[in-house]
file coords38.pdb (PDB, C-alpha atoms and all ligand atoms)
ATOM      1  CA  MET A  23      -2.930 -20.318   6.769  1.00  0.00           C
ATOM      2  CA  CYS A  24      -5.431 -17.550   7.386  1.00  0.00           C
ATOM      3  CA  PRO A  25      -7.109 -15.937  10.376  1.00  0.00           C
ATOM      4  CA  ILE A  26     -10.148 -17.881  11.590  1.00  0.00           C
ATOM      5  CA  CYS A  27     -13.576 -16.312  12.136  1.00  0.00           C
ATOM      6  CA  LYS A  28     -14.671 -16.844  15.748  1.00  0.00           C
ATOM      7  CA  GLU A  29     -18.311 -17.104  14.623  1.00  0.00           C
ATOM      8  CA  CYS A  30     -18.221 -19.640  11.771  1.00  0.00           C
ATOM      9  CA  GLY A  31     -14.718 -21.104  12.135  1.00  0.00           C
ATOM     10  CA  GLU A  32     -13.894 -20.473   8.477  1.00  0.00           C
ATOM     11  CA  ASN A  33     -10.486 -19.284   7.344  1.00  0.00           C
ATOM     12  CA  ILE A  34     -10.699 -15.637   6.366  1.00  0.00           C
ATOM     13  CA  ASN A  35      -7.805 -13.643   4.977  1.00  0.00           C
ATOM     14  CA  HIS A  36      -9.480 -10.268   5.371  1.00  0.00           C
ATOM     15  CA  LEU A  37     -12.394  -8.476   7.035  1.00  0.00           C
ATOM     16  CA  ARG A  38     -15.194  -6.609   5.310  1.00  0.00           C
ATOM     17  CA  GLU A  39     -15.471  -3.025   6.473  1.00  0.00           C
ATOM     18  CA  ILE A  40     -19.006  -1.619   6.532  1.00  0.00           C
ATOM     19  CA  CYS A  41     -19.388   2.092   7.122  1.00  0.00           C
ATOM     20  CA  SER A  42     -22.439   4.314   6.828  1.00  0.00           C
ATOM     21  CA  GLY A  43     -22.585   7.521   4.913  1.00  0.00           C
ATOM     22  CA  TRP A  44     -23.796   8.860   1.629  1.00  0.00           C
ATOM     23  CA  GLN A  45     -22.649   9.063  -1.955  1.00  0.00           C
ATOM     24  CA  GLU A  46     -22.469  12.319  -3.812  1.00  0.00           C
ATOM     25  CA  THR A  47     -22.992  12.355  -7.537  1.00  0.00           C
ATOM     26  CA  ASN A  48     -23.030  15.341  -9.853  1.00  0.00           C
ATOM     27  CA  VAL A  49     -25.944  14.678 -12.164  1.00  0.00           C
ATOM     28  CA  PHE A  50     -26.612  16.395 -15.450  1.00  0.00           C
ATOM     29  CA  PHE A  51     -28.873  15.895 -18.423  1.00  0.00           C
ATOM     30  CA  ASN A  52     -27.136  13.888 -21.104  1.00  0.00           C
ATOM     31  CA  LYS A  53     -28.573  15.096 -24.421  1.00  0.00           C
ATOM     32  CA  LYS A  54     -27.017  12.191 -26.333  1.00  0.00           C
ATOM     33  CA  LYS A  55     -28.622   9.573 -24.070  1.00  0.00           C
ATOM     34  CA  GLY A  56     -31.715  11.686 -23.446  1.00  0.00           C
ATOM     35  CA  CYS A  57     -31.663  11.137 -19.708  1.00  0.00           C
ATOM     36  CA  ILE A  58     -30.088  12.105 -16.398  1.00  0.00           C
ATOM     37  CA  ASP A  59     -26.466  10.991 -16.168  1.00  0.00           C
ATOM     38  CA  GLY A  60     -23.991  10.897 -13.288  1.00  0.00           C
ATOM     39  CA  LYS A  61     -20.673  12.638 -13.725  1.00  0.00           C
ATOM     40  CA  TYR A  62     -18.700  12.084 -10.578  1.00  0.00           C
ATOM     41  CA  THR A  63     -19.306  10.224  -7.357  1.00  0.00           C
ATOM     42  CA  GLU A  64     -17.739  10.523  -3.965  1.00  0.00           C
ATOM     43  CA  PHE A  65     -18.461   8.572  -0.799  1.00  0.00           C
ATOM     44  CA  LYS A  66     -18.687  10.536   2.411  1.00  0.00           C
ATOM     45  CA  GLY A  67     -18.730   8.584   5.669  1.00  0.00           C
ATOM     46  CA  ASP A  68     -20.745   9.863   8.625  1.00  0.00           C
ATOM     47  CA  ASP A  69     -19.072   7.618  11.219  1.00  0.00           C
ATOM     48  CA  SER A  70     -22.395   6.502  12.766  1.00  0.00           C
ATOM     49  CA  VAL A  71     -21.913   2.859  11.737  1.00  0.00           C
ATOM     50  CA  LEU A  72     -18.580   1.139  11.435  1.00  0.00           C
ATOM     51  CA  GLU A  73     -18.394  -2.655  11.394  1.00  0.00           C
ATOM     52  CA  TYR A  74     -15.825  -5.235  10.445  1.00  0.00           C
ATOM     53  CA  ASN A  75     -17.647  -8.321   9.229  1.00  0.00           C
ATOM     54  CA  CYS A  76     -16.722 -11.855   8.237  1.00  0.00           C
ATOM     55  CA  PRO A  77     -16.425 -11.984   4.427  1.00  0.00           C
ATOM     56  CA  ASN A  78     -17.872 -15.507   4.322  1.00  0.00           C
ATOM     57  CA  PRO A  79     -21.308 -15.182   2.561  1.00  0.00           C
ATOM     58  CA  ASN A  80     -22.771 -17.851   4.882  1.00  0.00           C
ATOM     59  CA  CYS A  81     -21.692 -15.929   7.973  1.00  0.00           C
ATOM     60  CA  GLU A  82     -21.212 -12.167   7.498  1.00  0.00           C
ATOM     61  CA  LYS A  83     -21.335 -11.661  11.271  1.00  0.00           C
ATOM     62  CA  THR A  84     -19.932  -8.504  12.826  1.00  0.00           C
ATOM     63  CA  LEU A  85     -16.641  -9.409  14.458  1.00  0.00           C
ATOM     64  CA  PHE A  86     -15.387  -5.962  15.392  1.00  0.00           C
ATOM     65  CA  THR A  87     -16.728  -2.443  15.625  1.00  0.00           C
ATOM     66  CA  ASN A  88     -13.552  -0.428  15.772  1.00  0.00           C
ATOM     67  CA  PRO A  89     -10.495  -0.243  13.508  1.00  0.00           C
ATOM     68  CA  ALA A  90      -8.007  -0.911  16.328  1.00  0.00           C
ATOM     69  CA  GLU A  91      -9.600  -4.288  17.180  1.00  0.00           C
ATOM     70  CA  ALA A  92      -9.799  -5.245  13.520  1.00  0.00           C
ATOM     71  CA  GLU A  93      -6.159  -4.334  12.971  1.00  0.00           C
ATOM     72  CA  GLU A  94      -5.111  -6.243  16.076  1.00  0.00           C
ATOM     73  CA  PHE A  95      -7.009  -9.330  14.899  1.00  0.00           C
ATOM     74  CA  LEU A  96      -5.327  -9.283  11.485  1.00  0.00           C
ATOM     75  CA  ARG A  97      -1.877  -8.457  12.861  1.00  0.00           C
ATOM     76  CA  GLU A  98      -1.967 -11.024  15.685  1.00  0.00           C
ATOM     77  CA  LYS A  99      -2.842 -13.746  13.215  1.00  0.00           C
ATOM     78  CA  ASP A 100       0.082 -12.717  11.052  1.00  0.00           C
ATOM     79  CA  GLU A 101       2.411 -12.894  14.040  1.00  0.00           C
ATOM     80  CA  LEU A 102       1.013 -16.302  14.963  1.00  0.00           C
ATOM     81  CA  GLN A 103       1.675 -17.525  11.430  1.00  0.00           C
ATOM     82  CA  GLU A 104       5.260 -16.288  11.707  1.00  0.00           C
ATOM     83  CA  ILE A 105       5.710 -18.115  15.025  1.00  0.00           C
ATOM     84  CA  VAL A 106       4.295 -21.335  13.525  1.00  0.00           C
ATOM     85  CA  ALA A 107       6.495 -20.963  10.427  1.00  0.00           C
ATOM     86  CA  GLU A 108       9.542 -20.416  12.654  1.00  0.00           C
ATOM     87  CA  LYS A 109       8.676 -23.512  14.744  1.00  0.00           C
ATOM     88  CA  LEU A 110       8.247 -25.628  11.608  1.00  0.00           C
ATOM     89  CA  LYS A 111      11.591 -24.374  10.342  1.00  0.00           C
ATOM     90  CA  GLN A 112      13.249 -25.336  13.642  1.00  0.00           C
ATOM     91  CA  ILE A 113      11.671 -28.813  13.499  1.00  0.00           C
ATOM     92  CA  GLU A 114      12.848 -29.297   9.915  1.00  0.00           C
ATOM     93  CA  GLU A 115      16.346 -28.141  10.822  1.00  0.00           C
ATOM     94  CA  GLY A 116      16.306 -30.461  13.852  1.00  0.00           C
ATOM     95  CA  LYS A 117      15.418 -33.406  11.613  1.00  0.00           C
ATOM     96  CA  ASP A 118      18.199 -32.536   9.198  1.00  0.00           C
ATOM     97  CA  GLU A 119      20.763 -32.703  11.991  1.00  0.00           C
ATOM     98  CA  SER A 120      19.711 -36.150  13.246  1.00  0.00           C
TER      99      SER A 120
HETATM  100 ZN    ZN B 201     -17.555 -16.029   9.827  1.00  0.00          ZN
END

call {"tool": "encode", "arguments": {"input": "coords38.pdb", "output": "structure tokens", "more": "lines below"}}
Ligand SMILES: [Zn+2]
result
Amino acid sequence: MCPICKECGENINHLREICSGWQETNVFFNKKKGCIDGKYTEFKGDDSVLEYNCPNPNCEKTLFTNPAEAEEFLREKDELQEIVAEKLKQIEEGKDES
């Protein structure tokens, strides 16, 4: 059981976070390769775009635009799964008694 995307109805077990920014790479000339080479990269977010999208390749719609909503979505689904699991357990135990 996974959370369900409200756009495509598919089961999704995670969200895809998209954030804007830039990547920094220290470039140097690699004599062995005879070309420019990258030494170290670091991503730096600029906070202008932050989206939580459906990971389904046929959907990829933006479901949330802030981390709190995304977290709530994932956590609520987990709690719902626990409630359902608890109910199923009660039903099974009820059957055992009869
Ligand atoms: Zn979707």

call {"tool": "resolve_selection", "arguments": {"input": "coords38.pdb", "expression": "the PyMOL selection byres (((chain A and resi 67) around 10) and not hetatm)", "output": "JSON, numbers by chain"}}
result
{"A": [41, 42, 43, 44, 45, 64, 65, 66, 68, 69, 70, 71, 72]}

call {"tool": "resolve_selection", "arguments": {"input": "coords38.pdb", "expression": "the PyMOL selection byres (((not hetatm)) within 7 of (chain B and resi 201))", "output": "PDB file with C-alpha atoms, in the frame of the given file"}}
result
ATOM      1  CA  CYS A  27     -13.576 -16.312  12.136  1.00  0.00           C
ATOM      2  CA  LYS A  28     -14.671 -16.844  15.748  1.00  0.00           C
ATOM      3  CA  GLU A  29     -18.311 -17.104  14.623  1.00  0.00           C
ATOM      4  CA  CYS A  30     -18.221 -19.640  11.771  1.00  0.00           C
ATOM      5  CA  GLY A  31     -14.718 -21.104  12.135  1.00  0.00           C
ATOM      6  CA  GLU A  32     -13.894 -20.473   8.477  1.00  0.00           C
ATOM      7  CA  CYS A  76     -16.722 -11.855   8.237  1.00  0.00           C
ATOM      8  CA  PRO A  77     -16.425 -11.984   4.427  1.00  0.00           C
ATOM      9  CA  ASN A  78     -17.872 -15.507   4.322  1.00  0.00           C
ATOM     10  CA  CYS A  81     -21.692 -15.929   7.973  1.00  0.00           C
ATOM     11  CA  GLU A  82     -21.212 -12.167   7.498  1.00  0.00           C
ATOM     12  CA  LYS A  83     -21.335 -11.661  11.271  1.00  0.00           C
TER      13      LYS A  83
END

call {"tool": "atom_distance", "arguments": {"input": "coords38.pdb", "atom1": "CA of Ile113 (chain A)", "atom2": "CA of Glu98 (chain A)"}}
result
22.5 Å

call {"tool": "atom_distance", "arguments": {"input": "coords38.pdb", "atom1": "CA of Phe95 (chain A)", "atom2": "CA of Ala107 (chain A)"}}
result
18.4 Å

call {"tool": "residues_around", "arguments": {"input": "coords38.pdb", "residues": "His36 (chain A)", "least_positions_apart": "2", "cutoff": "9 Å", "atoms": "only C-alpha atoms", "output": "list in words"}}
result
Cys24, Pro25, Ile34, Arg38, Cys76, Pro77 and Leu96 of chain A

call {"tool": "atom_distance", "arguments": {"input": "coords38.pdb", "atom1": "CA of Glu39 (chain A)", "atom2": "CA of Arg97 (chain A)"}}
result
16.0 Å

call {"tool": "resolve_selection", "arguments": {"input": "coords38.pdb", "expression": "the PyMOL selection byres (((chain A and resi 47-49) around 10) and not hetatm)", "output": "number ranges by chain"}}
result
A: 44-46, 50-52, 58-65

call {"tool": "write_last_selection", "arguments": {"input": "coords38.pdb", "atoms": "C-alpha atoms", "output": "mmCIF file, keeping the file's coordinate frame"}}
result
data_model
loop_
_atom_site.group_PDB
_atom_site.id
_atom_site.type_symbol
_atom_site.label_atom_id
_atom_site.label_comp_id
_atom_site.auth_asym_id
_atom_site.auth_seq_id
_atom_site.Cartn_x
_atom_site.Cartn_y
_atom_site.Cartn_z
ATOM 1 C CA TRP A 44 -23.796 8.860 1.629
ATOM 2 C CA GLN A 45 -22.649 9.063 -1.955
ATOM 3 C CA GLU A 46 -22.469 12.319 -3.812
ATOM 4 C CA PHE A 50 -26.612 16.395 -15.450
ATOM 5 C CA PHE A 51 -28.873 15.895 -18.423
ATOM 6 C CA ASN A 52 -27.136 13.888 -21.104
ATOM 7 C CA ILE A 58 -30.088 12.105 -16.398
ATOM 8 C CA ASP A 59 -26.466 10.991 -16.168
ATOM 9 C CA GLY A 60 -23.991 10.897 -13.288
ATOM 10 C CA LYS A 61 -20.673 12.638 -13.725
ATOM 11 C CA TYR A 62 -18.700 12.084 -10.578
ATOM 12 C CA THR A 63 -19.306 10.224 -7.357
ATOM 13 C CA GLU A 64 -17.739 10.523 -3.965
ATOM 14 C CA PHE A 65 -18.461 8.572 -0.799
#
